[in-house]
$ cat start-v3.pdb   # PDB, C-alpha atoms
ATOM      1  CA  MET E 229      52.935 -14.267   4.241
ATOM      2  CA  GLY E 230      53.097 -17.076   6.814
ATOM      3  CA  ARG E 231      56.885 -16.915   7.090
ATOM      4  CA  LYS E 232      56.798 -13.142   7.584
ATOM      5  CA  SER E 233      54.236 -13.279  10.375
ATOM      6  CA  ASP E 234      56.107 -16.233  11.867
ATOM      7  CA  ALA E 235      59.293 -14.147  11.954
ATOM      8  CA  ARG E 236      57.398 -11.300  13.600
ATOM      9  CA  GLU E 237      55.981 -13.638  16.245
ATOM     10  CA  ARG E 238      59.427 -15.150  16.854
ATOM     11  CA  LEU E 239      60.826 -11.647  17.375
ATOM     12  CA  LEU E 240      58.038 -10.838  19.847
ATOM     13  CA  GLY E 241      58.562 -14.114  21.710
ATOM     14  CA  ALA E 242      62.339 -13.724  21.845
ATOM     15  CA  ALA E 243      62.074 -10.134  23.031
ATOM     16  CA  CYS E 244      59.577 -11.093  25.708
ATOM     17  CA  ARG E 245      61.808 -13.884  27.036
ATOM     18  CA  LEU E 246      64.958 -11.776  26.981
ATOM     19  CA  ILE E 247      63.392  -8.656  28.465
ATOM     20  CA  HIS E 248      61.647 -10.666  31.166
ATOM     21  CA  SER E 249      64.786 -12.523  32.172
ATOM     22  CA  ARG E 250      67.421  -9.778  31.742
ATOM     23  CA  GLY E 251      65.726  -6.423  31.342
ATOM     24  CA  TYR E 252      65.477  -3.911  28.539
ATOM     25  CA  SER E 253      68.853  -2.194  28.653
ATOM     26  CA  SER E 254      71.001  -5.322  28.702
ATOM     27  CA  ILE E 255      69.778  -6.624  25.348
ATOM     28  CA  GLY E 256      70.043  -5.278  21.854
ATOM     29  CA  VAL E 257      68.285  -5.763  18.569
ATOM     30  CA  ALA E 258      71.051  -8.096  17.309
ATOM     31  CA  GLU E 259      70.585 -10.414  20.284
ATOM     32  CA  ILE E 260      66.808 -10.418  19.892
ATOM     33  CA  CYS E 261      67.217 -11.300  16.218
ATOM     34  CA  ALA E 262      69.699 -14.078  17.003
ATOM     35  CA  GLU E 263      67.370 -15.521  19.647
ATOM     36  CA  ALA E 264      64.465 -15.387  17.171
ATOM     37  CA  ASP E 265      66.585 -16.719  14.282
ATOM     38  CA  VAL E 266      65.632 -13.678  12.190
ATOM     39  CA  ARG E 267      68.011 -11.482  10.193
ATOM     40  CA  LYS E 268      68.610  -8.087  11.749
ATOM     41  CA  GLY E 269      67.456  -6.330   8.573
ATOM     42  CA  SER E 270      64.120  -8.083   8.884
ATOM     43  CA  PHE E 271      63.656  -6.648  12.347
ATOM     44  CA  TYR E 272      63.103  -3.176  10.930
ATOM     45  CA  HIS E 273      60.551  -4.536   8.472
ATOM     46  CA  PHE E 274      58.331  -5.363  11.449
ATOM     47  CA  PHE E 275      59.328  -2.766  14.056
ATOM     48  CA  ASP E 276      60.536   0.811  13.786
ATOM     49  CA  SER E 277      62.697   0.489  16.887
ATOM     50  CA  LYS E 278      63.454  -1.526  19.983
ATOM     51  CA  GLN E 279      61.001   0.749  21.801
ATOM     52  CA  ALA E 280      58.230  -0.144  19.311
ATOM     53  CA  LEU E 281      58.960  -3.841  19.813
ATOM     54  CA  THR E 282      58.922  -3.370  23.596
ATOM     55  CA  LEU E 283      55.526  -1.688  23.459
ATOM     56  CA  GLU E 284      54.173  -4.657  21.504
ATOM     57  CA  VAL E 285      55.779  -7.074  23.978
ATOM     58  CA  ILE E 286      54.067  -5.187  26.809
ATOM     59  CA  ASP E 287      50.706  -5.301  25.045
ATOM     60  CA  ALA E 288      51.010  -8.995  24.153
ATOM     61  CA  HIS E 289      52.072  -9.898  27.683
ATOM     62  CA  TRP E 290      49.209  -7.931  29.247
ATOM     63  CA  ALA E 291      46.686  -9.336  26.771
ATOM     64  CA  GLY E 292      47.444 -12.821  28.073
ATOM     65  CA  GLN E 293      47.433 -11.732  31.688
ATOM     66  CA  ARG E 294      44.297  -9.610  31.273
ATOM     67  CA  THR E 295      42.359 -12.665  30.118
ATOM     68  CA  SER E 296      43.420 -14.523  33.239
ATOM     69  CA  TRP E 297      42.734 -11.596  35.573
ATOM     70  CA  GLN E 298      39.272 -11.056  34.070
ATOM     71  CA  ALA E 299      38.356 -14.740  34.275
ATOM     72  CA  ILE E 300      39.424 -14.945  37.904
ATOM     73  CA  LEU E 301      37.975 -11.636  39.048
ATOM     74  CA  THR E 302      34.582 -12.053  37.348
ATOM     75  CA  ALA E 303      34.016 -15.692  38.339
ATOM     76  CA  GLU E 304      30.966 -16.666  40.357
ATOM     77  CA  ALA E 305      32.556 -16.777  43.797
ATOM     78  CA  PRO E 306      32.838 -14.565  46.860
ATOM     79  CA  VAL E 307      35.145 -11.607  46.290
ATOM     80  CA  GLU E 308      37.750 -12.829  48.787
ATOM     81  CA  ASP E 309      37.946 -16.194  47.016
ATOM     82  CA  ARG E 310      38.427 -14.489  43.652
ATOM     83  CA  LEU E 311      41.137 -12.207  44.967
ATOM     84  CA  GLU E 312      42.889 -15.089  46.687
ATOM     85  CA  ARG E 313      42.849 -17.000  43.378
ATOM     86  CA  LEU E 314      44.391 -13.991  41.618
ATOM     87  CA  PHE E 315      47.179 -13.729  44.178
ATOM     88  CA  SER E 316      47.756 -17.485  44.107
ATOM     89  CA  SER E 317      47.916 -17.576  40.317
ATOM     90  CA  GLN E 318      50.581 -14.869  40.278
ATOM     91  CA  ALA E 319      52.595 -16.644  42.994
ATOM     92  CA  ASP E 320      52.270 -19.965  41.138
ATOM     93  CA  ALA E 321      53.635 -18.358  37.962
ATOM     94  CA  GLN E 322      56.748 -17.256  39.869
ATOM     95  CA  ARG E 323      57.175 -20.737  41.361
ATOM     96  CA  GLN E 324      56.874 -22.353  37.928
ATOM     97  CA  THR E 325      59.452 -19.986  36.443
ATOM     98  CA  LYS E 326      61.853 -20.708  39.293
ATOM     99  CA  GLN E 327      61.343 -24.441  38.812
ATOM    100  CA  SER E 328      61.917 -24.323  35.049
ATOM    101  CA  THR E 329      64.676 -21.691  34.804
ATOM    102  CA  GLY E 330      66.238 -21.558  38.254
ATOM    103  CA  VAL E 331      65.367 -17.901  38.762
ATOM    104  CA  VAL E 332      62.412 -15.795  39.791
ATOM    105  CA  ASN E 333      61.984 -13.265  36.980
ATOM    106  CA  GLY E 334      59.329 -11.179  38.698
ATOM    107  CA  CYS E 335      56.657  -9.303  36.796
ATOM    108  CA  LEU E 336      57.645  -8.228  33.283
ATOM    109  CA  LEU E 337      55.502  -5.101  33.544
ATOM    110  CA  ALA E 338      56.820  -4.042  36.952
ATOM    111  CA  ASN E 339      60.403  -4.815  35.920
ATOM    112  CA  LEU E 340      60.041  -2.504  32.929
ATOM    113  CA  ALA E 341      58.343   0.148  35.043
ATOM    114  CA  LEU E 342      61.260   0.137  37.460
ATOM    115  CA  GLU E 343      63.864   0.145  34.709
ATOM    116  CA  LEU E 344      62.366   2.593  32.224
ATOM    117  CA  SER E 345      59.913   4.894  33.990
ATOM    118  CA  ASN E 346      62.470   7.716  34.204
ATOM    119  CA  GLN E 347      63.945   7.056  30.757
ATOM    120  CA  ASP E 348      61.131   6.435  28.307
ATOM    121  CA  GLU E 349      57.902   8.419  28.595
ATOM    122  CA  THR E 350      56.067   6.359  25.964
ATOM    123  CA  VAL E 351      56.762   3.048  27.710
ATOM    124  CA  ARG E 352      56.044   4.603  31.117
ATOM    125  CA  ALA E 353      52.674   5.888  29.917
ATOM    126  CA  ARG E 354      51.675   2.486  28.506
ATOM    127  CA  LEU E 355      52.693   0.699  31.700
ATOM    128  CA  ARG E 356      50.740   3.216  33.766
ATOM    129  CA  GLN E 357      47.627   2.493  31.665
ATOM    130  CA  ILE E 358      48.033  -1.221  32.308
ATOM    131  CA  PHE E 359      48.548  -0.840  36.051
ATOM    132  CA  ASP E 360      45.536   1.481  36.162
ATOM    133  CA  GLU E 361      43.558  -1.220  34.365
ATOM    134  CA  GLN E 362      44.708  -3.814  36.899
ATOM    135  CA  VAL E 363      43.616  -1.542  39.730
ATOM    136  CA  GLU E 364      40.236  -1.038  38.059
ATOM    137  CA  LEU E 365      39.763  -4.800  37.605
ATOM    138  CA  VAL E 366      40.393  -5.312  41.323
ATOM    139  CA  ARG E 367      38.181  -2.336  42.274
ATOM    140  CA  THR E 368      35.338  -3.719  40.164
ATOM    141  CA  ALA E 369      35.743  -7.117  41.818
ATOM    142  CA  LEU E 370      35.518  -5.454  45.234
ATOM    143  CA  GLY E 371      32.062  -4.185  44.326
ATOM    144  CA  PRO E 372      30.322  -0.974  45.371
ATOM    145  CA  SER E 373      32.237  -0.742  48.635
ATOM    146  CA  GLY E 374      35.614  -1.108  46.940
ATOM    147  CA  SER E 375      37.669   2.039  46.710
ATOM    148  CA  PRO E 376      40.357   2.824  44.160
ATOM    149  CA  GLU E 377      42.776   3.248  47.067
ATOM    150  CA  THR E 378      42.115  -0.261  48.389
ATOM    151  CA  ALA E 379      42.400  -1.750  44.905
ATOM    152  CA  ARG E 380      45.685   0.087  44.285
ATOM    153  CA  ALA E 381      47.028  -1.088  47.647
ATOM    154  CA  MET E 382      46.142  -4.687  46.748
ATOM    155  CA  VAL E 383      47.935  -4.490  43.394
ATOM    156  CA  ALA E 384      50.890  -2.814  45.119
ATOM    157  CA  GLN E 385      50.973  -5.574  47.746
ATOM    158  CA  LEU E 386      51.079  -8.229  45.050
ATOM    159  CA  GLU E 387      53.687  -6.436  42.922
ATOM    160  CA  GLY E 388      55.800  -5.595  45.958
ATOM    161  CA  MET E 389      55.930  -9.182  47.151
ATOM    162  CA  VAL E 390      56.747 -10.393  43.623
ATOM    163  CA  LEU E 391      59.614  -7.887  43.683
ATOM    164  CA  PHE E 392      60.861  -9.299  47.000
ATOM    165  CA  ALA E 393      60.608 -12.840  45.601
ATOM    166  CA  LYS E 394      62.678 -11.757  42.596
ATOM    167  CA  LEU E 395      65.219  -9.980  44.779
ATOM    168  CA  GLY E 396      65.616 -13.060  46.966
ATOM    169  CA  ASN E 397      65.240 -15.471  44.043
ATOM    170  CA  ASP E 398      62.811 -17.222  46.352
ATOM    171  CA  PRO E 399      59.177 -17.745  45.377
ATOM    172  CA  SER E 400      58.370 -18.949  48.909
ATOM    173  CA  LEU E 401      58.391 -15.268  49.894
ATOM    174  CA  LEU E 402      54.997 -15.158  48.176
ATOM    175  CA  ASP E 403      53.521 -17.832  50.448
ATOM    176  CA  GLY E 404      51.835 -15.357  52.799
ATOM    177  CA  VAL E 405      50.980 -12.660  50.290
ATOM    178  CA  TRP E 406      47.232 -13.244  50.372
ATOM    179  CA  THR E 407      47.131 -13.397  54.181
ATOM    180  CA  GLN E 408      48.650  -9.922  54.293
ATOM    181  CA  ALA E 409      46.656  -8.514  51.361
ATOM    182  CA  ARG E 410      43.369  -9.676  52.888
ATOM    183  CA  LEU E 411      44.019  -7.264  55.771
ATOM    184  CA  LEU E 412      43.512  -4.421  53.289
ATOM    185  CA  LEU E 413      39.850  -5.433  53.041
ATOM    186  CA  THR E 414      39.101  -4.732  56.695
TER     187      THR E 414
END
$ encode --input "start-v3.pdb" --output "structure tokens"
Amino acid sequence: MGRKSDARERLLGAACRLIHSRGYSSIGVAEICAEADVRKGSFYHFFDSKQALTLEVIDAHWAGQRTSWQAILTAEAPVEDRLERLFSSQADAQRQTKQSTGVVNGCLLANLALELSNQDETVRARLRQIFDEQVELVRTALGPSGSPETARAMVAQLEGMVLFAKLGNDPSLLDGVWTQARLLLT
């Protein structure tokens, strides 16, 4: 059983890396299997389709991020400090990726939303749920005076600047993201 679950985890990891660095459409099941060192026939033992694998990649990726977002946004600190930490952590992740791989990959979830939202309703719906959850985490952190509109604008500010950093392959474009996002609180 250990080898089977190991193969499944390798497939998830390989798919996550490939999708994050190159997108959904540019990779196929054969390449995911090769990257994971798993036979293509075994792929279909674990996943019904590339779409099913992608949904699990999305959920696994968000599960890790959700833990971080929750820890930051529920910490004992003033709301502005918590939000600044969230923005900084996301910018730091882009800097680290650039340092280790030479490219800014952007946000896996936003990349998939941009690529697939008009092509795959199931993936689009799952991504929408996650972005709605992100907005709700920020709205909750804002407290009773926080509106869904302000929270959505803050998430959009962060995602938009990550997109610009990816487009320019320059994580320094994220340097002022909190300074600008803080203006949404006034």
$ residues_around --input "start-v3.pdb" --residues "region 295-301 of chain E" --least-positions-apart "3" --cutoff "10 Å" --atoms "only C-alpha atoms" --output "mmCIF file with C-alpha atoms, in the coordinates of the input"
data_model
loop_
_atom_site.group_PDB
_atom_site.id
_atom_site.type_symbol
_atom_site.label_atom_id
_atom_site.label_comp_id
_atom_site.auth_asym_id
_atom_site.auth_seq_id
_atom_site.Cartn_x
_atom_site.Cartn_y
_atom_site.Cartn_z
ATOM 1 C CA TRP E 290 49.209 -7.931 29.247
ATOM 2 C CA ALA E 291 46.686 -9.336 26.771
ATOM 3 C CA GLY E 292 47.444 -12.821 28.073
ATOM 4 C CA GLU E 304 30.966 -16.666 40.357
ATOM 5 C CA ALA E 305 32.556 -16.777 43.797
ATOM 6 C CA PRO E 306 32.838 -14.565 46.860
ATOM 7 C CA VAL E 307 35.145 -11.607 46.290
ATOM 8 C CA GLU E 308 37.750 -12.829 48.787
ATOM 9 C CA ASP E 309 37.946 -16.194 47.016
ATOM 10 C CA ARG E 310 38.427 -14.489 43.652
ATOM 11 C CA LEU E 311 41.137 -12.207 44.967
ATOM 12 C CA GLU E 312 42.889 -15.089 46.687
ATOM 13 C CA ARG E 313 42.849 -17.000 43.378
ATOM 14 C CA LEU E 314 44.391 -13.991 41.618
ATOM 15 C CA PHE E 315 47.179 -13.729 44.178
ATOM 16 C CA SER E 317 47.916 -17.576 40.317
ATOM 17 C CA GLN E 318 50.581 -14.869 40.278
ATOM 18 C CA GLN E 362 44.708 -3.814 36.899
ATOM 19 C CA LEU E 365 39.763 -4.800 37.605
ATOM 20 C CA VAL E 366 40.393 -5.312 41.323
ATOM 21 C CA ARG E 367 38.181 -2.336 42.274
ATOM 22 C CA THR E 368 35.338 -3.719 40.164
ATOM 23 C CA ALA E 369 35.743 -7.117 41.818
ATOM 24 C CA LEU E 370 35.518 -5.454 45.234
#
$ closest_residue --input "start-v3.pdb" --among "E:Gly269, E:Thr282, E:Asp234, E:Arg250" --to "Thr350 (chain E)" --atoms "only C-alpha atoms"
E:Thr282
$ atom_distance --input "start-v3.pdb" --atom1 "CA of Leu413 (chain E)" --atom2 "CA of Met382 (chain E)"
8.9 Å
$ residues_around --input "start-v3.pdb" --residues "region 401-412 of chain E" --least-positions-apart "4" --cutoff "7 Å" --atoms "only C-alpha atoms" --output "short mmCIF file (atom, residue, chain, number, x, y, z; two decimals) with C-alpha atoms, in the frame of the given file"
data_model
loop_
_atom_site.label_atom_id
_atom_site.label_comp_id
_atom_site.auth_asym_id
_atom_site.auth_seq_id
_atom_site.Cartn_x
_atom_site.Cartn_y
_atom_site.Cartn_z
CA GLU E 312 42.89 -15.09 46.69
CA PHE E 315 47.18 -13.73 44.18
CA ALA E 319 52.60 -16.64 42.99
CA THR E 378 42.12 -0.26 48.39
CA MET E 382 46.14 -4.69 46.75
CA GLN E 385 50.97 -5.57 47.75
CA LEU E 386 51.08 -8.23 45.05
CA MET E 389 55.93 -9.18 47.15
CA VAL E 390 56.75 -10.39 43.62
CA ALA E 393 60.61 -12.84 45.60
#
$ resolve_selection --input "start-v3.pdb" --expression "the PyMOL selection byres ((chain E and resi 322-339) around 7)" --output "ChimeraX atom specification"
/E:248-249,286,318-321,340-343,355,390-391,393-394,397-399
$ atom_distance --input "start-v3.pdb" --atom1 "CA of Glu263 (chain E)" --atom2 "CA of Ala243 (chain E)"
8.3 Å
$ atom_distance --input "start-v3.pdb" --atom1 "CA of Lys278 (chain E)" --atom2 "CA of Ala242 (chain E)"
12.4 Å
$ closest_residue --input "start-v3.pdb" --among "E:Ala353, E:Val363, E:Leu395, E:Ala288" --to "Ala381 (chain E)" --atoms "all atoms listed in the file"
E:Val363
$ resolve_selection --input "start-v3.pdb" --expression "the PyMOL selection byres ((chain E and resi 259) around 12)" --output "PDB file with C-alpha atoms, in the frame of the given file"
ATOM      1  CA  LEU E 239      60.826 -11.647  17.375  1.00  0.00           C
ATOM      2  CA  ALA E 242      62.339 -13.724  21.845  1.00  0.00           C
ATOM      3  CA  ALA E 243      62.074 -10.134  23.031  1.00  0.00           C
ATOM      4  CA  ARG E 245      61.808 -13.884  27.036  1.00  0.00           C
ATOM      5  CA  LEU E 246      64.958 -11.776  26.981  1.00  0.00           C
ATOM      6  CA  ILE E 247      63.392  -8.656  28.465  1.00  0.00           C
ATOM      7  CA  ARG E 250      67.421  -9.778  31.742  1.00  0.00           C
ATOM      8  CA  TYR E 252      65.477  -3.911  28.539  1.00  0.00           C
ATOM      9  CA  SER E 253      68.853  -2.194  28.653  1.00  0.00           C
ATOM     10  CA  SER E 254      71.001  -5.322  28.702  1.00  0.00           C
ATOM     11  CA  ILE E 255      69.778  -6.624  25.348  1.00  0.00           C
ATOM     12  CA  GLY E 256      70.043  -5.278  21.854  1.00  0.00           C
ATOM     13  CA  VAL E 257      68.285  -5.763  18.569  1.00  0.00           C
ATOM     14  CA  ALA E 258      71.051  -8.096  17.309  1.00  0.00           C
ATOM     15  CA  ILE E 260      66.808 -10.418  19.892  1.00  0.00           C
ATOM     16  CA  CYS E 261      67.217 -11.300  16.218  1.00  0.00           C
ATOM     17  CA  ALA E 262      69.699 -14.078  17.003  1.00  0.00           C
ATOM     18  CA  GLU E 263      67.370 -15.521  19.647  1.00  0.00           C
ATOM     19  CA  ALA E 264      64.465 -15.387  17.171  1.00  0.00           C
ATOM     20  CA  ASP E 265      66.585 -16.719  14.282  1.00  0.00           C
ATOM     21  CA  VAL E 266      65.632 -13.678  12.190  1.00  0.00           C
ATOM     22  CA  ARG E 267      68.011 -11.482  10.193  1.00  0.00           C
ATOM     23  CA  LYS E 268      68.610  -8.087  11.749  1.00  0.00           C
ATOM     24  CA  PHE E 271      63.656  -6.648  12.347  1.00  0.00           C
ATOM     25  CA  LYS E 278      63.454  -1.526  19.983  1.00  0.00           C
TER      26      LYS E 278
END
$ resolve_selection --input "start-v3.pdb" --expression "the PyMOL selection byres ((chain E and resi 236) around 10)" --output "PDB file with C-alpha atoms, keeping the file's coordinate frame"
ATOM      1  CA  GLY E 230      53.097 -17.076   6.814  1.00  0.00           C
ATOM      2  CA  ARG E 231      56.885 -16.915   7.090  1.00  0.00           C
ATOM      3  CA  LYS E 232      56.798 -13.142   7.584  1.00  0.00           C
ATOM      4  CA  SER E 233      54.236 -13.279  10.375  1.00  0.00           C
ATOM      5  CA  ASP E 234      56.107 -16.233  11.867  1.00  0.00           C
ATOM      6  CA  ALA E 235      59.293 -14.147  11.954  1.00  0.00           C
ATOM      7  CA  GLU E 237      55.981 -13.638  16.245  1.00  0.00           C
ATOM      8  CA  ARG E 238      59.427 -15.150  16.854  1.00  0.00           C
ATOM      9  CA  LEU E 239      60.826 -11.647  17.375  1.00  0.00           C
ATOM     10  CA  LEU E 240      58.038 -10.838  19.847  1.00  0.00           C
ATOM     11  CA  GLY E 241      58.562 -14.114  21.710  1.00  0.00           C
ATOM     12  CA  ALA E 242      62.339 -13.724  21.845  1.00  0.00           C
ATOM     13  CA  ALA E 264      64.465 -15.387  17.171  1.00  0.00           C
ATOM     14  CA  VAL E 266      65.632 -13.678  12.190  1.00  0.00           C
ATOM     15  CA  SER E 270      64.120  -8.083   8.884  1.00  0.00           C
ATOM     16  CA  PHE E 271      63.656  -6.648  12.347  1.00  0.00           C
ATOM     17  CA  HIS E 273      60.551  -4.536   8.472  1.00  0.00           C
ATOM     18  CA  PHE E 274      58.331  -5.363  11.449  1.00  0.00           C
ATOM     19  CA  PHE E 275      59.328  -2.766  14.056  1.00  0.00           C
ATOM     20  CA  LEU E 281      58.960  -3.841  19.813  1.00  0.00           C
TER      21      LEU E 281
END
$ residues_around --input "start-v3.pdb" --residues "Asp360 (chain E)" --least-positions-apart "4" --cutoff "10 Å" --atoms "only C-alpha atoms" --output "mmCIF file with C-alpha atoms, in the frame of the given file"
data_model
loop_
_atom_site.group_PDB
_atom_site.id
_atom_site.type_symbol
_atom_site.label_atom_id
_atom_site.label_comp_id
_atom_site.auth_asym_id
_atom_site.auth_seq_id
_atom_site.Cartn_x
_atom_site.Cartn_y
_atom_site.Cartn_z
ATOM 1 C CA ARG E 354 51.675 2.486 28.506
ATOM 2 C CA LEU E 355 52.693 0.699 31.700
ATOM 3 C CA ARG E 356 50.740 3.216 33.766
ATOM 4 C CA GLU E 364 40.236 -1.038 38.059
ATOM 5 C CA LEU E 365 39.763 -4.800 37.605
ATOM 6 C CA VAL E 366 40.393 -5.312 41.323
ATOM 7 C CA PRO E 376 40.357 2.824 44.160
ATOM 8 C CA ALA E 379 42.400 -1.750 44.905
ATOM 9 C CA ARG E 380 45.685 0.087 44.285
ATOM 10 C CA VAL E 383 47.935 -4.490 43.394
#
$ axis_aligned_box --input "start-v3.pdb" --around "region 373-376 of chain E" --padding-each-side "3 Å" --output "lines of an AutoDock Vina configuration file"
center_x = 36.3
center_y = 0.9
center_z = 46.4
size_x = 14.1
size_y = 9.9
size_z = 10.5
